[in-house]
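The file data24.csv comes next; it holds CSV, C-alpha atoms.
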chain,number,residue,atom,x,y,z
A,1,LYS,CA,-32.9,119.1,59.7
A,2,ASP,CA,-30.9,116.1,61.0
A,3,LEU,CA,-31.5,114.2,57.8
A,4,GLN,CA,-30.5,117.3,55.8
A,5,LEU,CA,-27.4,117.7,57.8
A,6,LEU,CA,-26.5,114.0,57.2
A,7,PHE,CA,-27.1,114.4,53.5
A,8,SER,CA,-25.0,117.6,53.3
A,9,THR,CA,-22.1,115.9,55.1
A,10,ALA,CA,-22.3,112.6,53.2
A,11,GLN,CA,-19.4,112.1,50.9
A,12,TYR,CA,-18.6,109.3,48.5
A,13,ILE,CA,-15.9,109.6,45.7
A,14,PRO,CA,-17.0,107.4,42.8
A,15,ILE,CA,-14.5,105.0,41.4
A,16,GLN,CA,-12.3,106.3,38.6
A,17,PHE,CA,-10.9,104.3,35.7
A,18,THR,CA,-7.6,106.0,34.7
A,19,ASP,CA,-5.1,103.2,35.2
A,20,THR,CA,-2.8,102.6,32.3
A,21,ASN,CA,-0.1,100.9,34.4
A,22,LEU,CA,-1.5,97.4,34.5
A,23,ASN,CA,0.9,96.0,37.1
A,24,ILE,CA,-1.8,94.2,39.1
A,25,LEU,CA,-3.2,92.5,36.0
A,26,ARG,CA,0.2,91.6,34.7
A,27,SER,CA,1.2,90.2,38.1
A,28,ILE,CA,-1.9,88.0,38.0
A,29,SER,CA,-1.4,87.0,34.3
A,30,THR,CA,2.1,85.7,35.0
A,31,SER,CA,1.1,83.5,38.0
A,32,LYS,CA,1.2,79.8,37.6
A,33,SER,CA,-0.7,77.1,39.3
A,34,SER,CA,1.1,74.7,41.6
A,35,ASP,CA,-1.3,72.0,40.5
A,36,ALA,CA,-0.1,72.2,36.9
A,37,SER,CA,2.6,69.7,37.7
A,38,ILE,CA,0.1,66.9,37.2
A,39,TYR,CA,0.4,67.4,33.5
A,40,LYS,CA,4.2,66.9,33.4
A,41,SER,CA,4.5,63.2,33.3
A,42,THR,CA,7.8,62.0,31.8
A,43,TYR,CA,6.5,58.6,30.8
A,44,LEU,CA,7.3,59.0,27.0
A,45,GLU,CA,10.7,60.5,27.7
A,46,LYS,CA,11.6,57.6,30.0
A,47,LYS,CA,10.3,55.1,27.4
A,48,ARG,CA,12.4,56.8,24.7
A,49,GLU,CA,15.5,56.8,27.0
A,50,LEU,CA,14.9,53.1,27.6
A,51,LEU,CA,14.7,52.3,23.9
A,52,ASP,CA,17.6,54.5,23.0
A,53,ASN,CA,19.8,52.7,25.6
A,54,ASP,CA,18.7,49.3,24.4
A,55,LEU,CA,21.4,48.0,22.2
A,56,GLY,CA,19.7,44.6,21.6
A,57,LEU,CA,22.3,42.8,23.7
A,58,THR,CA,21.4,40.0,26.1
A,59,ALA,CA,23.6,37.7,28.2
A,60,THR,CA,22.7,34.0,28.1
A,61,GLY,CA,23.7,31.1,30.2
A,62,SER,CA,22.7,27.4,30.6
A,63,TYR,CA,23.7,24.4,32.8
A,64,LEU,CA,22.8,20.8,32.1
A,65,GLU,CA,23.3,17.8,34.4
A,66,ASN,CA,23.4,14.5,32.6
A,67,PHE,CA,21.8,11.7,34.7
A,68,ASN,CA,22.7,9.0,32.1
A,69,PRO,CA,26.3,9.8,31.4
A,70,ASP,CA,26.9,6.4,29.6
A,71,VAL,CA,24.9,7.6,26.6
A,72,ALA,CA,26.5,10.2,24.3
A,73,ASP,CA,24.7,13.4,23.5
A,74,LEU,CA,23.6,13.1,19.8
A,75,ASN,CA,23.8,16.9,19.4
A,76,ASP,CA,27.3,17.3,20.8
A,77,ASN,CA,28.6,13.8,20.1
A,78,LEU,CA,30.2,13.8,23.5
A,79,VAL,CA,29.8,11.7,26.7
A,80,TYR,CA,29.7,14.1,29.7
A,81,THR,CA,28.3,14.3,33.1
A,82,ARG,CA,27.5,18.0,32.9
A,83,LYS,CA,27.9,21.0,30.6
A,84,PHE,CA,27.8,24.8,31.0
A,85,GLN,CA,27.4,27.5,28.4
A,86,ALA,CA,27.6,31.3,28.7
A,87,GLY,CA,27.4,33.9,26.0
A,88,ILE,CA,26.2,37.2,24.5
A,89,ASN,CA,23.3,37.5,22.0
A,90,TRP,CA,22.8,40.5,19.8
A,91,GLN,CA,19.4,41.2,18.1
A,92,VAL,CA,20.6,43.4,15.2
A,93,LEU,CA,17.5,44.1,13.1
A,94,LYS,CA,13.9,43.1,13.9
A,95,ASN,CA,13.0,43.7,17.6
A,96,GLY,CA,16.6,44.7,18.1
A,97,TYR,CA,19.1,47.6,17.8
A,98,PHE,CA,18.0,49.1,14.5
A,99,ASP,CA,14.3,48.5,15.2
A,100,ASN,CA,14.7,50.4,18.5
A,101,LYS,CA,16.2,53.4,16.7
A,102,VAL,CA,13.0,53.6,14.6
A,103,ASP,CA,10.9,53.4,17.7
A,104,VAL,CA,12.9,56.2,19.2
A,105,LYS,CA,12.2,58.5,16.1
A,106,LEU,CA,8.5,57.7,16.3
A,107,LEU,CA,8.5,58.5,20.0
A,108,ASP,CA,10.4,61.8,19.4
A,109,ASP,CA,7.5,62.9,17.1
A,110,ARG,CA,4.9,61.8,19.6
A,111,ILE,CA,6.7,63.6,22.5
A,112,GLU,CA,6.5,66.9,20.5
A,113,ARG,CA,2.8,66.6,20.2
A,114,GLU,CA,2.4,65.6,23.8
A,115,LYS,CA,4.4,68.6,24.9
A,116,LEU,CA,1.9,70.8,23.0
A,117,LYS,CA,-1.0,69.1,24.6
A,118,ASN,CA,0.6,69.5,28.0
A,119,GLU,CA,1.2,73.1,27.4
A,120,SER,CA,-2.5,73.6,26.7
A,121,ASN,CA,-3.4,71.7,29.8
A,122,ASN,CA,-1.0,73.7,31.9
A,123,GLN,CA,-2.4,76.9,30.5
A,124,SER,CA,-5.9,75.7,31.5
A,125,ALA,CA,-4.6,75.2,35.0
A,126,TYR,CA,-2.9,78.6,35.0
A,127,TYR,CA,-6.1,80.1,33.7
A,128,LEU,CA,-8.1,78.8,36.7
A,129,GLU,CA,-5.5,80.1,39.1
A,130,ARG,CA,-5.5,83.5,37.4
A,131,PHE,CA,-9.3,83.6,37.3
A,132,ASP,CA,-9.5,82.8,41.0
A,133,LYS,CA,-6.9,85.3,41.9
A,134,THR,CA,-8.7,88.0,39.8
A,135,ILE,CA,-12.0,87.2,41.6
A,136,PHE,CA,-10.1,87.3,44.9
A,137,VAL,CA,-8.6,90.8,44.3
A,138,PHE,CA,-11.9,92.3,43.1
A,139,ASN,CA,-13.8,90.7,46.0
A,140,LYS,CA,-11.5,92.5,48.4
A,141,LEU,CA,-12.4,95.7,46.6
A,142,LYS,CA,-16.1,95.0,46.7
A,143,ILE,CA,-15.9,94.2,50.5
A,144,GLU,CA,-14.2,97.6,51.0
A,145,LEU,CA,-17.0,99.4,49.2
A,146,LEU,CA,-19.7,97.4,51.0
A,147,ASN,CA,-18.1,98.4,54.3
A,148,GLN,CA,-18.4,102.1,53.3
A,149,ARG,CA,-21.9,101.6,52.2
A,150,GLU,CA,-22.8,99.8,55.4
A,151,GLN,CA,-21.4,102.6,57.6
A,152,SER,CA,-23.5,105.1,55.7
A,153,LEU,CA,-26.6,103.0,55.9
A,154,LEU,CA,-26.2,102.5,59.6
A,155,LYS,CA,-26.0,106.2,60.2
A,156,GLN,CA,-29.2,106.6,58.3
A,157,TYR,CA,-30.8,103.7,60.1
A,158,GLU,CA,-30.2,105.1,63.6
A,159,LEU,CA,-31.5,108.6,62.6
A,160,ILE,CA,-34.5,107.3,60.7
A,161,LYS,CA,-35.3,104.9,63.6
A,162,GLU,CA,-35.6,107.9,66.0
A,163,LEU,CA,-37.7,109.8,63.5
A,164,VAL,CA,-40.0,106.9,63.1
A,165,LEU,CA,-40.4,106.6,66.9
A,166,ILE,CA,-41.5,110.2,67.1
A,167,LYS,CA,-43.8,109.8,64.1
A,168,LYS,CA,-41.8,112.1,61.9
A,169,LEU,CA,-41.3,109.5,59.2
A,170,PRO,CA,-43.3,106.4,58.1
A,171,LYS,CA,-42.0,103.0,59.1
A,172,GLU,CA,-41.7,102.1,55.4
A,173,ASP,CA,-38.6,104.3,55.3
A,174,LEU,CA,-37.0,102.3,58.1
A,175,ILE,CA,-37.9,99.0,56.4
A,176,ARG,CA,-36.3,100.2,53.2
A,177,ILE,CA,-33.0,100.9,55.0
A,178,GLU,CA,-33.2,97.5,56.7
A,179,THR,CA,-33.6,95.9,53.3
A,180,ARG,CA,-30.5,97.6,52.0
A,181,LEU,CA,-28.5,96.7,55.1
A,182,ALA,CA,-29.6,93.0,54.7
A,183,GLU,CA,-28.5,93.2,51.1
A,184,VAL,CA,-25.1,94.6,52.1
A,185,GLN,CA,-24.6,91.9,54.8
A,186,SER,CA,-25.5,89.2,52.4
A,187,LEU,CA,-23.1,90.4,49.7
A,188,LYS,CA,-20.3,90.7,52.2
A,189,ASN,CA,-20.8,87.2,53.4
A,190,VAL,CA,-20.7,85.9,49.8
A,191,TYR,CA,-17.5,87.7,48.9
A,192,ALA,CA,-15.8,86.9,52.2
A,193,SER,CA,-16.7,83.3,52.1
A,194,TYR,CA,-15.4,82.9,48.5
A,195,ASN,CA,-12.1,84.6,49.5
A,196,ASP,CA,-11.8,82.5,52.6
A,197,TYR,CA,-12.3,79.4,50.4
A,198,LEU,CA,-9.6,80.5,47.9
A,199,ASN,CA,-7.2,81.3,50.9
A,200,PHE,CA,-4.4,82.8,48.8
A,201,GLU,CA,-1.2,83.0,50.9
A,202,ASN,CA,0.1,86.0,49.0
A,203,ASN,CA,-2.5,88.6,50.0
A,204,SER,CA,-0.4,91.6,48.7
A,205,LEU,CA,-2.3,92.2,45.5
A,206,GLU,CA,-4.6,95.1,46.0
A,207,LEU,CA,-6.5,97.5,43.7
A,208,ASN,CA,-6.7,101.2,44.2
A,209,LEU,CA,-10.3,102.3,44.7
A,210,GLN,CA,-9.5,105.7,43.0
A,211,ASN,CA,-7.6,104.2,40.0
A,212,LEU,CA,-9.0,100.9,38.7
A,213,PRO,CA,-7.6,99.5,35.5
A,214,LEU,CA,-10.0,99.6,32.5
A,215,ILE,CA,-8.9,97.4,29.6
A,216,ASP,CA,-10.1,96.0,26.3
A,217,LEU,CA,-8.7,93.0,24.4
A,218,ASP,CA,-6.9,93.0,21.0
A,219,TYR,CA,-9.0,90.2,19.6
A,220,ALA,CA,-7.2,90.2,16.2
A,221,LYS,CA,-3.8,89.9,17.8
A,222,ILE,CA,-5.0,87.1,20.1
A,223,PHE,CA,-6.4,85.0,17.2
A,224,GLU,CA,-3.4,85.8,15.0
A,225,THR,CA,-1.0,84.5,17.7
A,226,ILE,CA,-3.0,81.2,18.1
A,227,GLU,CA,-3.1,80.8,14.3
A,228,GLN,CA,0.6,81.3,14.0
A,229,GLN,CA,1.3,78.8,16.8
A,230,THR,CA,-1.0,76.2,15.1
A,231,ASN,CA,0.6,76.8,11.7
A,232,THR,CA,4.1,76.5,13.1
A,233,ILE,CA,3.1,73.2,14.9
A,234,MET,CA,1.6,71.6,11.8
A,235,GLY,CA,4.1,73.1,9.4
A,236,GLU,CA,7.3,71.9,11.1
A,237,ASN,CA,5.9,68.4,11.8
A,238,LYS,CA,6.7,66.3,8.7
A,239,TYR,CA,6.3,62.5,8.4
A,240,THR,CA,9.1,60.3,7.2
A,241,ASN,CA,9.0,56.6,6.3
A,242,TYR,CA,11.0,55.2,9.1
A,243,TYR,CA,10.7,51.5,8.3
A,244,LYS,CA,13.1,50.0,5.8
A,245,TRP,CA,13.0,46.6,4.2
A,246,TYR,CA,15.7,45.3,6.5
A,247,HIS,CA,13.8,46.1,9.6
A,248,GLN,CA,11.6,43.0,8.9
A,249,ILE,CA,14.6,40.7,8.8
A,250,GLY,CA,15.4,38.9,12.1
A,251,LEU,CA,19.2,38.8,12.6
A,252,LYS,CA,20.6,37.5,15.8
A,253,THR,CA,24.3,37.0,16.3
A,254,PHE,CA,25.9,35.3,19.3
A,255,VAL,CA,29.2,34.4,21.0
A,256,ARG,CA,29.4,31.6,23.5
A,257,TYR,CA,31.8,29.9,25.9
A,258,ASN,CA,31.2,26.2,26.2
A,259,TYR,CA,32.5,23.9,28.9
A,260,TYR,CA,32.0,20.1,29.1
A,261,ASP,CA,32.8,17.8,32.1
A,262,LEU,CA,33.7,14.7,30.1
A,263,ILE,CA,33.9,11.1,31.5
A,264,SER,CA,36.6,9.4,29.4
A,265,SER,CA,39.0,12.3,28.9
A,266,ALA,CA,40.1,15.7,30.1
A,267,ASN,CA,37.4,18.3,30.3
A,268,ARG,CA,36.8,20.3,27.2
A,269,ASP,CA,36.0,24.0,26.7
A,270,TYR,CA,35.9,26.3,23.6
A,271,PHE,CA,34.3,29.5,22.2
A,272,SER,CA,31.8,29.5,19.4
A,273,ALA,CA,30.0,32.1,17.4
A,274,GLY,CA,27.2,32.2,14.9
A,275,LEU,CA,24.0,33.9,13.7
A,276,ASN,CA,20.3,33.2,13.2
A,277,LEU,CA,18.5,34.7,10.2
A,278,THR,CA,14.7,34.9,9.7
A,279,ILE,CA,13.1,36.4,6.6
A,280,PRO,CA,9.3,37.1,6.4
A,281,LEU,CA,7.3,35.9,3.4
A,282,PRO,CA,6.2,38.2,2.0
A,283,PHE,CA,7.8,41.6,3.0
A,284,ASN,CA,5.2,44.2,4.2
A,285,THR,CA,7.4,47.2,4.7
A,286,ARG,CA,5.2,49.5,2.7
A,287,LEU,CA,2.1,48.5,4.8
A,288,LYS,CA,4.0,49.0,8.0
A,289,ASN,CA,4.9,52.5,6.9
A,290,GLU,CA,1.3,53.2,5.8
A,291,VAL,CA,0.1,52.1,9.3
A,292,ALA,CA,2.6,54.3,11.0
A,293,HIS,CA,1.7,57.2,8.7
A,294,GLU,CA,-2.0,56.9,9.4
A,295,LYS,CA,-1.3,56.8,13.1
A,296,TRP,CA,0.8,60.0,12.7
A,297,LYS,CA,-2.0,61.7,10.8
A,298,TYR,CA,-4.6,60.6,13.4
A,299,ASP,CA,-2.5,62.1,16.2
A,300,ASN,CA,-2.1,65.3,14.2
A,301,GLU,CA,-5.8,65.5,13.6
A,302,GLN,CA,-6.3,65.1,17.4
A,303,LEU,CA,-3.8,68.0,18.0
A,304,ALA,CA,-5.5,70.1,15.4
A,305,ASN,CA,-8.9,69.5,17.0
A,306,ARG,CA,-7.5,70.6,20.4
A,307,ARG,CA,-6.3,73.8,18.7
A,308,ASN,CA,-9.7,74.3,17.2
A,309,ASN,CA,-11.3,73.8,20.6
A,310,LEU,CA,-8.8,76.4,22.0
A,311,HIS,CA,-10.0,78.9,19.3
A,312,GLU,CA,-13.6,78.3,20.4
A,313,ASP,CA,-12.8,78.6,24.1
A,314,VAL,CA,-10.9,81.9,23.4
A,315,LEU,CA,-13.8,83.1,21.3
A,316,ASN,CA,-16.3,82.4,24.1
A,317,VAL,CA,-14.1,84.1,26.7
A,318,ALA,CA,-13.6,87.1,24.4
A,319,TYR,CA,-17.4,87.3,23.8
A,320,GLU,CA,-18.1,87.1,27.5
A,321,PHE,CA,-15.5,89.8,28.1
A,322,ARG,CA,-17.1,92.1,25.5
A,323,TYR,CA,-20.5,91.5,27.0
A,324,LYS,CA,-19.3,92.4,30.4
A,325,LEU,CA,-17.6,95.5,28.9
A,326,LYS,CA,-21.0,96.4,27.4
A,327,GLN,CA,-22.6,96.0,30.8
A,328,PHE,CA,-19.8,98.2,32.3
A,329,ILE,CA,-20.5,101.0,29.8
A,330,ALA,CA,-24.3,100.8,30.6
A,331,PHE,CA,-23.6,101.0,34.3
A,332,TYR,CA,-21.1,103.8,33.8
A,333,GLN,CA,-23.7,105.9,31.9
A,334,LYS,CA,-26.3,105.0,34.5
A,335,ARG,CA,-23.9,106.3,37.2
A,336,LYS,CA,-23.5,109.6,35.3
A,337,LEU,CA,-27.3,110.1,35.3
A,338,ILE,CA,-27.4,109.4,39.1
A,339,GLU,CA,-24.5,111.7,39.7
A,340,GLU,CA,-26.3,114.5,37.8
A,341,LYS,CA,-29.4,113.9,40.1
A,342,LEU,CA,-27.1,114.1,43.1
A,343,ARG,CA,-25.5,117.3,41.8
A,344,ILE,CA,-29.0,118.9,41.5
A,345,GLU,CA,-29.8,118.0,45.1
A,346,GLN,CA,-26.5,119.3,46.4
A,347,VAL,CA,-27.1,122.6,44.6
A,348,LYS,CA,-30.4,122.8,46.4
A,349,VAL,CA,-28.7,122.3,49.7
A,350,ARG,CA,-26.1,125.1,49.0
A,351,LEU,CA,-28.9,127.5,47.9
A,352,GLY,CA,-31.0,126.7,50.9
A,353,ASP,CA,-33.9,125.4,48.8
A,354,ARG,CA,-36.8,124.3,51.0
A,355,ASN,CA,-37.7,121.5,48.5
A,356,VAL,CA,-34.6,119.5,49.3
A,357,ASP,CA,-35.4,115.8,49.9
A,358,PRO,CA,-32.6,114.5,52.2
A,359,MET,CA,-33.9,111.0,52.1
A,360,GLY,CA,-33.9,111.0,48.3
A,361,GLY,CA,-30.4,112.5,48.3
A,362,LEU,CA,-29.1,109.8,50.6
A,363,ASP,CA,-30.7,107.2,48.4
A,364,ILE,CA,-29.0,108.7,45.4
A,365,ILE,CA,-25.6,108.4,47.1
A,366,ASP,CA,-26.3,104.8,48.0
A,367,ASP,CA,-27.4,104.1,44.4
A,368,ILE,CA,-24.0,105.3,43.2
A,369,VAL,CA,-22.2,102.9,45.5
A,370,ARG,CA,-24.5,100.1,44.3
A,371,VAL,CA,-23.7,100.8,40.7
A,372,ASP,CA,-19.9,100.9,41.5
A,373,ILE,CA,-20.1,97.5,43.2

Target encoding structure tokens, full file:
Amino acid sequence: KDLQLLFSTAQYIPIQFTDTNLNILRSISTSKSSDASIYKSTYLEKKRELLDNDLGLTATGSYLENFNPDVADLNDNLVYTRKFQAGINWQVLKNGYFDNKVDVKLLDDRIEREKLKNESNNQSAYYLERFDKTIFVFNKLKIELLNQREQSLLKQYELIKELVLIKKLPKEDLIRIETRLAEVQSLKNVYASYNDYLNFENNSLELNLQNLPLIDLDYAKIFETIEQQTNTIMGENKYTNYYKWYHQIGLKTFVRYNYYDLISSANRDYFSAGLNLTIPLPFNTRLKNEVAHEKWKYDNEQLANRRNNLHEDVLNVAYEFRYKLKQFIAFYQKRKLIEEKLRIEQVKVRLGDRNVDPMGGLDIIDDIVRVDI
């Protein structure tokens, strides 16, 4: 009679799945990882800025002390004790102003690709954050269900323990309840330990036990979006032959101020200007452009491979999600069968049927909780 009373008063409302307002999931999906900043190096931007600001100008200076002033300098045809020169050099073409502008354009193209790589890396970091946060929220829900299950099992345990002592029930029934209690405690420890490890400061995200979100994925839309992004990236990224014939010519101009401390007459100072010109033999402008073009194609291939890997990763996740959804449907149908068994036992209680099995009825309720978890 005590067991029958416990069964007749036992209540558990199964989880419902009627949520169409996915605020919780949207809140998780927009969260970003603080660790993602590791992918935001500005090395290339700084290098580009350095080259863009490099005008090819350098200041020069020299000082020479003549320890044998009685002999004239053959280069200057002057007799002096010391001389001083100061000036400005300007590298105009090769390794200078115009060459730097080419390097800036090449870096602009590389920076665009790196931004796309960084975006993918950031999304990976965000995914881990969102994954952990989703696990965290559902673990809280599972712990809440386990607490309910534990309370119900403890009531059964105390009652069955007394019935075993007075030889009304076999000890196997008590061991069976102990096994279920051990299972509950083990699962609670697992979920609690995981949540303690994650240790999210914002603990405000909670799911409603009576209104859990049930979703499916629009796979066609997901892959269409990725494909459009890839086509946009590759379509807008066109190569241009940046190197011209004059980029191989070395042209350096200079302006100098010259001062001589002469021995025989007044000191002499004057300004001078000139240029140095070097021309390679032969020109290899076409080959330089081909090398740059091949490097450009290689980088694009690497980017395309990363996008292909992204396709594969999304496909794997989508497949796993669909497999879990299949499992969910199987568990949902299983729960309907168990609920039907429970309904039959509850009808027996209301009709005062002598064939009511309260132990079996309590096990049925516990099985529903297990399926929900």

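You will find CA of Leu78 (chain A) at 10.9 Å from CA of Asn267 (chain A).
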
Legend entry - Nearest candidate to Leu153 (chain A) (options A:Glu45, A:Glu224, A:Glu183, A:Asp99; using all atoms listed in the file):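 For Leu153 (chain A), the nearest of the given residues is A:Glu183.
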
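Nearest-residue note for Glu162 (chain A): choosing from A:Lys336, A:Glu345, A:His293, A:Leu174, the minimum distance belongs to A:Leu174, counting only C-alpha atoms.
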
Inset, instruction - Please check which residues have atoms at most 12 Å from (5.8, 61.0, 6.9) in the file's coordinates, counting only C-alpha atoms, and write them as a ChimeraX atom specification. - result: /A:105-106,109,236-243,289-297,300

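Among the candidates A:Arg335, A:Ser193, A:Thr285, A:Ser272, the one nearest to Tyr259 (chain A) when counting all atoms listed in the file is A:Ser272.
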
Legend entry - Which residue of A:Lys288, A:Ile373, A:Gln302, A:Pro280 approaches Lys188 (chain A) most closely, using only C-alpha atoms: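 For Lys188 (chain A), the nearest of the candidates is A:Ile373.
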
Legend entry - d(CA of Gly274 (chain A), CA of Gly61 (chain A)) in Å: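 For CA of Gly274 (chain A) relative to CA of Gly61 (chain A), the distance reads 15.7 Å.
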
Inset, instruction - Just the residues within 6 Å of Gly87 (chain A), please, counting all atoms listed in the file, with nothing from its chain fewer than 6 positions along; format it as a PyMOL selection string. - result: chain A and resi 59-60+255-257

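Among the candidate residues A:Asn258, A:Ser186, A:Asn276, A:Asn308, the one lying nearest to Glu150 (chain A) is A:Ser186, with distances computed using only C-alpha atoms.
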
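Among the candidates A:Tyr43, A:Tyr219, A:Tyr194, A:Phe138, the residue lying nearest to Ile111 (chain A) is A:Tyr43 (atoms considered: all atoms listed in the file).
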
Legend entry - Computed interatomic separation between CA of Pro14 (chain A) and CA of Tyr157 (chain A) (Å):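 For CA of Pro14 (chain A) relative to CA of Tyr157 (chain A), the distance reads 22.4 Å.
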
Please report as a Markdown table every residue of region 84-172 of chain A lying within 10 Å of region 356-365 of chain A, along with the nearest atom pair and their distance in Å (one decimal), using all atoms listed in the file.
| residue | atom | partner | partner_atom | distance |
| --- | --- | --- | --- | --- |
| A:Arg149 | CA | A:Ile365 | CA | 9.3 |
| A:Ser152 | CA | A:Leu362 | CA | 8.9 |
| A:Leu153 | CA | A:Leu362 | CA | 9.0 |
| A:Gln156 | CA | A:Leu362 | CA | 8.3 |
| A:Ile160 | CA | A:Met359 | CA | 9.4 |
